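Enquirer: Here you go, this is input22.txt (compact mmCIF, C-alpha atoms).
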# COMPACT_ATOMS: atom_id res chain seq x y z
CA MET A 15 -13.92 -11.42 -6.58
CA LYS A 16 -13.29 -14.05 -3.95
CA GLN A 17 -14.02 -12.39 -0.61
CA TYR A 18 -17.43 -11.63 0.91
CA PRO A 19 -16.68 -9.06 3.60
CA LYS A 20 -19.31 -7.56 5.88
CA LEU A 21 -18.97 -3.78 5.62
CA LEU A 22 -20.71 -1.02 7.54
CA THR A 23 -21.00 2.39 5.89
CA ILE A 24 -22.10 5.41 7.92
CA GLN A 25 -23.38 8.47 6.06
CA ASP A 26 -26.58 10.27 5.12
CA ILE A 27 -29.25 9.22 2.63
CA SER A 28 -30.18 11.72 -0.05
CA CYS A 29 -33.21 9.92 -1.43
CA VAL A 30 -32.85 11.62 -4.83
CA GLY A 31 -29.59 12.89 -6.20
CA GLN A 32 -27.07 10.04 -6.56
CA CYS A 33 -24.74 10.68 -3.65
CA SER A 34 -24.00 9.36 -0.16
CA LEU A 35 -25.73 6.06 0.66
CA THR A 36 -27.70 5.83 -2.58
CA VAL A 37 -24.29 5.65 -4.30
CA ALA A 38 -22.33 3.72 -1.69
CA LEU A 39 -24.75 0.82 -1.22
CA PRO A 40 -24.98 -0.32 -4.87
CA ILE A 41 -21.29 0.25 -5.65
CA LEU A 42 -20.08 -1.62 -2.57
CA SER A 43 -22.55 -4.43 -3.22
CA ALA A 44 -21.31 -4.68 -6.81
CA CYS A 45 -17.80 -5.04 -5.40
CA GLY A 46 -18.89 -8.13 -3.49
CA ALA A 47 -19.38 -6.68 -0.01
CA GLU A 48 -22.31 -7.44 2.26
CA THR A 49 -23.11 -3.78 2.81
CA CYS A 50 -24.79 -2.74 6.04
CA ILE A 51 -25.80 0.87 6.57
CA LEU A 52 -26.14 3.34 9.40
CA PRO A 53 -27.87 6.48 8.11
CA SER A 54 -26.82 9.70 9.82
CA ALA A 55 -29.73 11.65 8.28
CA VAL A 56 -32.41 11.31 5.61
CA LEU A 57 -32.83 14.09 3.03
CA SER A 58 -35.47 14.24 0.32
CA THR A 59 -32.76 15.36 -2.13
CA HIS A 60 -29.18 16.48 -1.83
CA THR A 61 -28.53 20.15 -1.18
CA ALA A 62 -26.76 21.21 -4.39
CA GLY A 63 -29.27 22.71 -6.80
CA PHE A 64 -32.48 21.57 -5.16
CA SER A 65 -34.55 23.90 -3.00
CA GLY A 66 -37.06 23.18 -0.24
CA PHE A 67 -35.55 19.80 0.59
CA THR A 68 -36.49 18.02 3.81
CA VAL A 69 -33.99 16.79 6.40
CA ARG A 70 -34.49 14.27 9.20
CA ASP A 71 -31.53 14.16 11.57
CA LEU A 72 -30.90 10.65 12.92
CA THR A 73 -28.16 11.51 15.41
CA GLN A 74 -30.15 10.32 18.42
CA ASP A 75 -30.85 6.96 16.75
CA MET A 76 -27.21 6.13 16.09
CA PRO A 77 -26.10 4.98 19.59
CA ALA A 78 -29.20 2.83 20.08
CA ILE A 79 -28.63 1.09 16.73
CA ALA A 80 -24.98 0.48 17.58
CA ALA A 81 -25.92 -0.83 21.04
CA HIS A 82 -28.35 -3.31 19.48
CA TRP A 83 -25.69 -4.58 17.10
CA GLN A 84 -23.25 -4.97 19.98
CA LYS A 85 -25.86 -6.94 21.96
CA GLU A 86 -26.43 -9.21 18.95
CA GLY A 87 -22.71 -9.74 18.47
CA ILE A 88 -22.70 -8.14 15.03
CA LEU A 89 -19.18 -7.13 13.99
CA PHE A 90 -17.79 -5.83 10.73
CA ASP A 91 -14.79 -6.56 8.50
CA GLY A 92 -14.67 -2.91 7.49
CA ILE A 93 -16.26 0.41 8.43
CA TYR A 94 -16.46 3.31 5.98
CA THR A 95 -17.71 6.77 6.83
CA GLY A 96 -18.83 9.58 4.54
CA TYR A 97 -20.68 12.79 5.32
CA LEU A 98 -21.36 13.16 9.04
CA GLY A 99 -23.64 15.95 10.17
CA SER A 100 -22.20 17.04 13.52
CA THR A 101 -19.43 16.67 16.07
CA GLU A 102 -21.80 14.50 18.09
CA GLN A 103 -22.03 12.06 15.19
CA ILE A 104 -18.25 11.99 14.90
CA GLY A 105 -18.11 10.90 18.54
CA TYR A 106 -20.62 8.11 17.96
CA VAL A 107 -18.58 6.89 14.98
CA GLN A 108 -15.43 6.75 17.09
CA ASP A 109 -17.31 4.58 19.58
CA ILE A 110 -18.47 2.30 16.76
CA PHE A 111 -14.89 1.98 15.51
CA ALA A 112 -13.88 0.87 18.99
CA LYS A 113 -16.67 -1.64 19.63
CA LEU A 114 -17.96 -3.12 16.35
CA ARG A 115 -14.84 -4.17 14.48
CA LYS A 116 -13.72 -7.73 13.90
CA GLU A 117 -10.07 -8.50 14.51
CA ASN A 118 -8.03 -7.04 11.63
CA ALA A 119 -11.02 -5.03 10.39
CA ARG A 120 -10.15 -1.90 8.42
CA THR A 121 -11.58 1.58 8.80
CA PHE A 122 -11.96 4.12 6.00
CA VAL A 123 -12.82 7.79 6.54
CA ASP A 124 -13.85 10.19 3.81
CA PRO A 125 -13.79 13.50 5.76
CA ALA A 126 -16.49 15.02 3.57
CA MET A 127 -16.51 18.56 4.93
CA ALA A 128 -14.95 21.00 2.45
CA ASP A 129 -13.84 21.68 -1.12
CA ASN A 130 -12.30 24.46 -3.20
CA GLY A 131 -10.71 26.06 -0.15
CA VAL A 132 -13.83 26.42 2.01
CA LEU A 133 -15.83 24.38 4.50
CA TYR A 134 -19.30 23.24 3.53
CA GLY A 135 -21.97 25.60 4.82
CA ALA A 136 -23.10 23.35 7.67
CA PHE A 137 -19.62 23.14 9.24
CA ASP A 138 -17.15 25.33 11.13
CA MET A 139 -13.64 24.89 12.48
CA THR A 140 -14.98 23.14 15.58
CA TYR A 141 -16.26 20.40 13.29
CA ALA A 142 -13.02 20.31 11.29
CA ASN A 143 -10.99 19.91 14.48
CA ALA A 144 -13.31 17.18 15.74
CA MET A 145 -12.69 15.29 12.48
CA LYS A 146 -8.95 15.08 13.17
CA PRO A 147 -8.94 12.22 15.75
CA LEU A 148 -11.36 10.21 13.62
CA CYS A 149 -9.12 10.56 10.57
CA PHE A 150 -5.86 10.00 12.38
CA GLY A 151 -7.22 6.89 14.06
CA ALA A 152 -8.41 5.31 10.80
CA ASP A 153 -6.56 2.87 8.57
CA VAL A 154 -7.27 4.86 5.40
CA ILE A 155 -8.39 8.46 4.83
CA LEU A 156 -9.60 9.92 1.53
CA PRO A 157 -9.42 13.73 1.78
CA ASN A 158 -9.36 16.23 -1.04
CA LEU A 159 -6.74 18.97 -0.79
CA THR A 160 -8.99 21.39 1.11
CA GLU A 161 -9.78 18.74 3.71
CA ALA A 162 -6.14 17.73 3.98
CA CYS A 163 -5.20 21.37 4.66
CA LEU A 164 -7.86 21.64 7.36
CA LEU A 165 -6.59 18.46 8.99
CA THR A 166 -3.01 19.77 9.04
CA ASP A 167 -3.69 23.50 9.65
CA MET A 168 -1.89 24.30 6.40
CA PRO A 169 -2.89 27.16 4.10
CA TYR A 170 -4.87 26.04 1.07
CA ARG A 171 -3.43 26.82 -2.36
CA GLU A 172 -5.27 26.78 -5.66
CA THR A 173 -1.97 26.36 -7.50
CA TYR A 174 0.80 24.21 -6.08
CA ASP A 175 3.72 21.98 -6.90
CA GLU A 176 4.87 18.55 -5.80
CA ALA A 177 6.86 20.00 -2.91
CA TYR A 178 3.69 21.52 -1.43
CA ILE A 179 1.78 18.24 -1.75
CA HIS A 180 4.70 16.41 -0.16
CA GLU A 181 4.54 18.81 2.79
CA VAL A 182 0.79 18.22 3.21
CA LEU A 183 1.30 14.45 3.16
CA THR A 184 4.21 14.63 5.59
CA LYS A 185 2.10 16.56 8.07
CA LEU A 186 -0.82 14.14 7.71
CA HIS A 187 1.42 11.19 8.50
CA ALA A 188 3.10 13.04 11.37
CA ALA A 189 -0.34 13.59 12.91
CA GLY A 190 -1.09 9.86 12.74
CA ALA A 191 -2.52 9.17 9.26
CA GLN A 192 -1.61 5.72 7.99
CA THR A 193 -2.69 5.40 4.35
CA VAL A 194 -3.70 8.65 2.63
CA ILE A 195 -5.64 8.77 -0.63
CA LEU A 196 -5.34 12.44 -1.60
CA THR A 197 -7.83 13.14 -4.37
CA GLY A 198 -8.18 15.86 -7.00
CA ILE A 199 -4.47 16.60 -7.34
CA GLY A 200 -3.39 18.07 -10.67
CA TYR A 201 -0.15 19.74 -11.68
CA GLN A 202 -1.35 20.94 -15.08
CA PRO A 203 -4.69 22.51 -16.13
CA GLU A 204 -6.24 19.64 -18.10
CA ARG A 205 -5.07 16.81 -15.88
CA THR A 206 -5.92 15.66 -12.38
CA GLY A 207 -5.25 12.61 -10.30
CA VAL A 208 -4.76 10.97 -6.94
CA VAL A 209 -1.76 10.58 -4.65
CA VAL A 210 -1.51 7.42 -2.56
CA SER A 211 0.84 7.73 0.40
CA ASP A 212 1.69 5.15 3.05
CA GLU A 213 4.71 3.66 4.80
CA ASN A 214 6.19 2.74 1.40
CA GLY A 215 6.16 6.31 0.09
CA ALA A 216 3.91 8.21 -2.31
CA GLN A 217 2.66 7.27 -5.79
CA TYR A 218 0.72 9.47 -8.19
CA TYR A 219 -1.90 8.39 -10.73
CA GLU A 220 -2.79 11.06 -13.29
CA HIS A 221 -5.81 11.02 -15.57
CA ARG A 222 -7.90 13.28 -17.75
CA LYS A 223 -9.76 16.12 -16.08
CA ILE A 224 -13.33 16.63 -17.28
CA ALA A 225 -14.12 20.34 -17.15
CA LYS A 226 -17.75 20.00 -16.10
CA GLY A 227 -17.89 18.64 -12.56
CA CYS A 228 -20.72 16.46 -11.26
CA HIS A 229 -22.23 16.18 -7.80
CA GLY A 230 -21.56 12.96 -5.93
CA THR A 231 -18.37 11.92 -7.70
CA GLY A 232 -16.44 11.96 -4.41
CA ASP A 233 -18.87 9.37 -3.04
CA VAL A 234 -18.52 7.31 -6.22
CA TYR A 235 -14.75 7.40 -5.93
CA ALA A 236 -14.57 6.56 -2.22
CA SER A 237 -17.08 3.72 -2.52
CA ALA A 238 -15.25 2.12 -5.45
CA PHE A 239 -11.95 2.45 -3.60
CA VAL A 240 -13.30 0.87 -0.42
CA GLY A 241 -15.01 -1.92 -2.39
CA ALA A 242 -11.77 -2.80 -4.17
CA SER A 243 -9.71 -2.56 -0.99
CA LEU A 244 -11.95 -5.03 0.80
CA GLN A 245 -11.27 -7.50 -2.02
CA GLY A 246 -7.58 -7.33 -1.19
CA VAL A 247 -6.56 -4.91 -3.96
CA PRO A 248 -3.49 -2.86 -2.91
CA ALA A 249 -4.14 0.82 -2.19
CA PHE A 250 -2.54 2.24 -5.34
CA GLU A 251 -4.32 -0.21 -7.65
CA ALA A 252 -7.61 0.43 -5.84
CA ALA A 253 -7.08 4.18 -6.22
CA LYS A 254 -6.47 3.78 -9.97
CA LEU A 255 -9.57 1.61 -10.37
CA ALA A 256 -11.71 4.12 -8.47
CA ALA A 257 -10.39 7.00 -10.58
CA ASP A 258 -11.01 5.18 -13.86
CA TYR A 259 -14.51 4.21 -12.78
CA THR A 260 -15.37 7.75 -11.68
CA VAL A 261 -14.18 9.22 -14.98
CA LEU A 262 -16.24 6.63 -16.83
CA CYS A 263 -19.34 7.56 -14.81
CA ILE A 264 -18.87 11.24 -15.70
CA GLU A 265 -18.36 10.39 -19.37
CA LYS A 266 -21.59 8.38 -19.42
CA THR A 267 -23.46 11.41 -18.05
CA GLN A 268 -22.04 14.05 -20.40
CA GLY A 269 -24.51 15.52 -22.89
CA ASP A 270 -27.63 14.84 -20.80
CA ALA A 271 -28.74 18.29 -19.68
CA GLU A 272 -31.60 16.86 -17.63
CA HIS A 273 -29.22 14.75 -15.54
CA TRP A 274 -27.51 17.66 -13.76
CA TYR A 275 -27.80 16.35 -10.20
CA GLY A 276 -25.34 13.42 -10.28
CA VAL A 277 -23.64 10.85 -12.49
CA LYS A 278 -25.10 7.77 -14.13
CA PHE A 279 -22.87 5.47 -12.12
CA GLU A 280 -25.32 2.58 -12.49
CA THR A 281 -24.67 2.32 -16.23
CA ALA A 282 -20.96 1.78 -15.53
CA ILE A 283 -21.32 -0.91 -12.86
CA PRO A 284 -20.67 -3.77 -15.36
CA GLU A 285 -17.34 -2.14 -16.23
CA LEU A 286 -16.55 -1.72 -12.51
CA ILE A 287 -17.12 -5.43 -11.93
CA ASP A 288 -14.88 -6.29 -14.89
CA MET A 289 -12.12 -3.95 -13.64
CA LEU A 290 -12.25 -5.53 -10.21
CA ARG A 291 -12.23 -9.08 -11.55
CA GLY A 292 -9.17 -8.20 -13.57
CA LEU A 293 -7.35 -7.39 -10.34
CA THR A 294 -8.64 -10.22 -8.15
CA ASP A 295 -9.24 -13.33 -10.29
Please express what this file holds, its structure, as C-alpha cells.

Expert:
Amino acid sequence: MKQYPKLLTIQDISCVGQCSLTVALPILSACGAETCILPSAVLSTHTAGFSGFTVRDLTQDMPAIAAHWQKEGILFDGIYTGYLGSTEQIGYVQDIFAKLRKENARTFVDPAMADNGVLYGAFDMTYANAMKPLCFGADVILPNLTEACLLTDMPYRETYDEAYIHEVLTKLHAAGAQTVILTGIGYQPERTGVVVSDENGAQYYEHRKIAKGCHGTGDVYASAFVGASLQGVPAFEAAKLAADYTVLCIEKTQGDAEHWYGVKFETAIPELIDMLRGLTD
C-alpha cells in the first residue's frame, strides 16, 4: 500500500453491532486511508434484533461541521456515503460533494435504503427518489438489486437471468451512473456474486453463498471496496477483494451463536491487508 489518501465517510454510528461507522473506520484505516468521519446519527445499537435502542439525529450538525471544514480549507481525496437518515441529509451530502473535494477526488455512494424487494422501514419513495441525483452524480455506486430497481423504476425480481441484470445496468448508466458495483447477484441457488459495470462493459465475479446471512456485511463489503479503490486497485479487482474479505468475515463468525449481531471482521483484517498488498506492492 503506497498511497495515503484522506477520505471522508458519512454515515451513522451504531455504537454496538458492527455496522456503519464502527465497521467503516477500522477497515478503511487498515487499507491505508486517513479516515475522517461525519456521523449522520448516533444509535446505542443497530436496529436489527435489538430493542429499546436510543437514536440521536445529527442532521442539524452536518452543515455546521462542513462549513467549519470549508473555512479551514480541509478537502478530501475521496468521499464515501453509507446509510443516510433523511432527504435533508442527502441534500447536505450533495453540498459536501460540491465543496469539499480535492481535484480528481472520487465519490462513492452506497444507497443503503432497501433489500429483498422492500425499502427499509424508515424510508419511502420520496427518499428513494431523492437518492437518485446523489447516486447518478457519484463516481461509483454500490447498490444491491433492490436498490438498483428503485433507482431505475424497474420491477424487482427474486429470480432473474443475465438479460434482466443487463437491463438494470443499462438503465442505471442511462440515468447517469458511471461505475456500478451491483452486489448480491446470483444465477444459481448456492452461488452469489457481484457485477462491475463501467464504460468498458460488465464483468461478473461469482463466489460461494453462505446460507446464514449476517448484519453489517454490506458495510464490510463497501468499506473494503472503497479502501482498495483509493489505493489505485481497478474496480473489478477491488470488487473481488471486497467479496473475498466479506465471505471470510462471515466464515470466521459461523458457529458462534452469541455473535448474532454482526461479523467478526476484525479477526480477518490481517488477511485484508495481505490481499491488498498483493494487488498494490

Enquirer: When you count all atoms listed in the file, which of these residues is closest to Cys29 in chain A: A:Leu133, A:Leu57, A:Ala236, A:Ala44?

Expert: A:Leu57

Enquirer: I need every residue sitting at most 12 Å from the point (-17.8, 0.2, -17.5) (coordinates as in the file, only C-alpha atoms considered), written as a PyMOL selection string.

Expert: chain A and resi 255-256+258-266+278-290

Enquirer: Calculated over only C-alpha atoms, which of the candidates A:Gly96, A:Ser58, A:Pro203, A:Lys113 has the smallest distance to Ala81 in chain A?

Expert: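 Among A:Gly96, A:Ser58, A:Pro203, A:Lys113, it is A:Lys113 that comes nearest to Ala81 in chain A.
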
Enquirer: A:Ser28, A:Ser100, A:Ser43, A:Gln108: which is nearest Phe67 in chain A, counting all atoms listed in the file?

Expert: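 Smallest distance to Phe67 in chain A is found for A:Ser28.
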
Enquirer: Could you jot down the CA of Gly105 in chain A to CA of Thr73 in chain A separation for me, Å, one decimal place?

Expert: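 Distance reported for this atom pair: 10.5 Å.
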
Enquirer: Report, in Å to a single decimal, how far apart CA of Gly215 in chain A and CA of His180 in chain A are.

Expert: 10.2 Å

Enquirer: Which is closest to Gly241 in chain A among A:Gln268, A:Thr294, A:Ser54, A:Asp167, if we use only C-alpha atoms?

Expert: A:Thr294

Enquirer: Counting only C-alpha atoms, which residues have an atom no more than 12 Å from (-5.7, 2.5, -3.8) in the file's coordinates? Please list them as a ChimeraX atom specification.

Expert: /A:122,154-156,193-197,208-212,216-219,235-258,293

Enquirer: Padding 5 Å on each side, edges along x, y and z: where is the centre of the box around the listed atoms of range 18-23 of chain A, and how long are its edges in Å to one decimal? Output it as AutoDock Vina command-line options.

Expert:
--center_x -18.8 --center_y -4.6 --center_z 4.2 --size_x 14.3 --size_y 24.0 --size_z 16.6

Enquirer: CA of Leu39 in chain A to CA of Phe150 in chain A: how many Å, to one decimal?

Expert: 25.0 Å

Enquirer: Which of these residues is nearest to Pro40 in chain A, using only C-alpha atoms: A:Ala191, A:Thr23, A:Thr68, A:Ile104?

Expert: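 Counting only C-alpha atoms, the residue closest to Pro40 in chain A is A:Thr23.
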
Enquirer: Which residue is closest to Thr140 in chain A? Choose from A:Ala80, A:Thr101, A:Leu165, A:Pro125 and count all atoms listed in the file.

Expert: A:Thr101

Enquirer: Report as a ChimeraX atom specification all protein, DNA and RNA residues lying within 8 Å of Ile27 in chain A, evaluated on only C-alpha atoms, omitting residues in the same chain fewer than 3 positions from it.

Expert: /A:33-36,53-57

Enquirer: For Leu21 in chain A, find every residue with an atom within 10 Å (counting all atoms listed in the file), except residues of its own chain fewer than 6 positions away, and show them as a ChimeraX atom specification.

Expert: /A:42-43,47-51,89-94,115,119-121,240-241,244
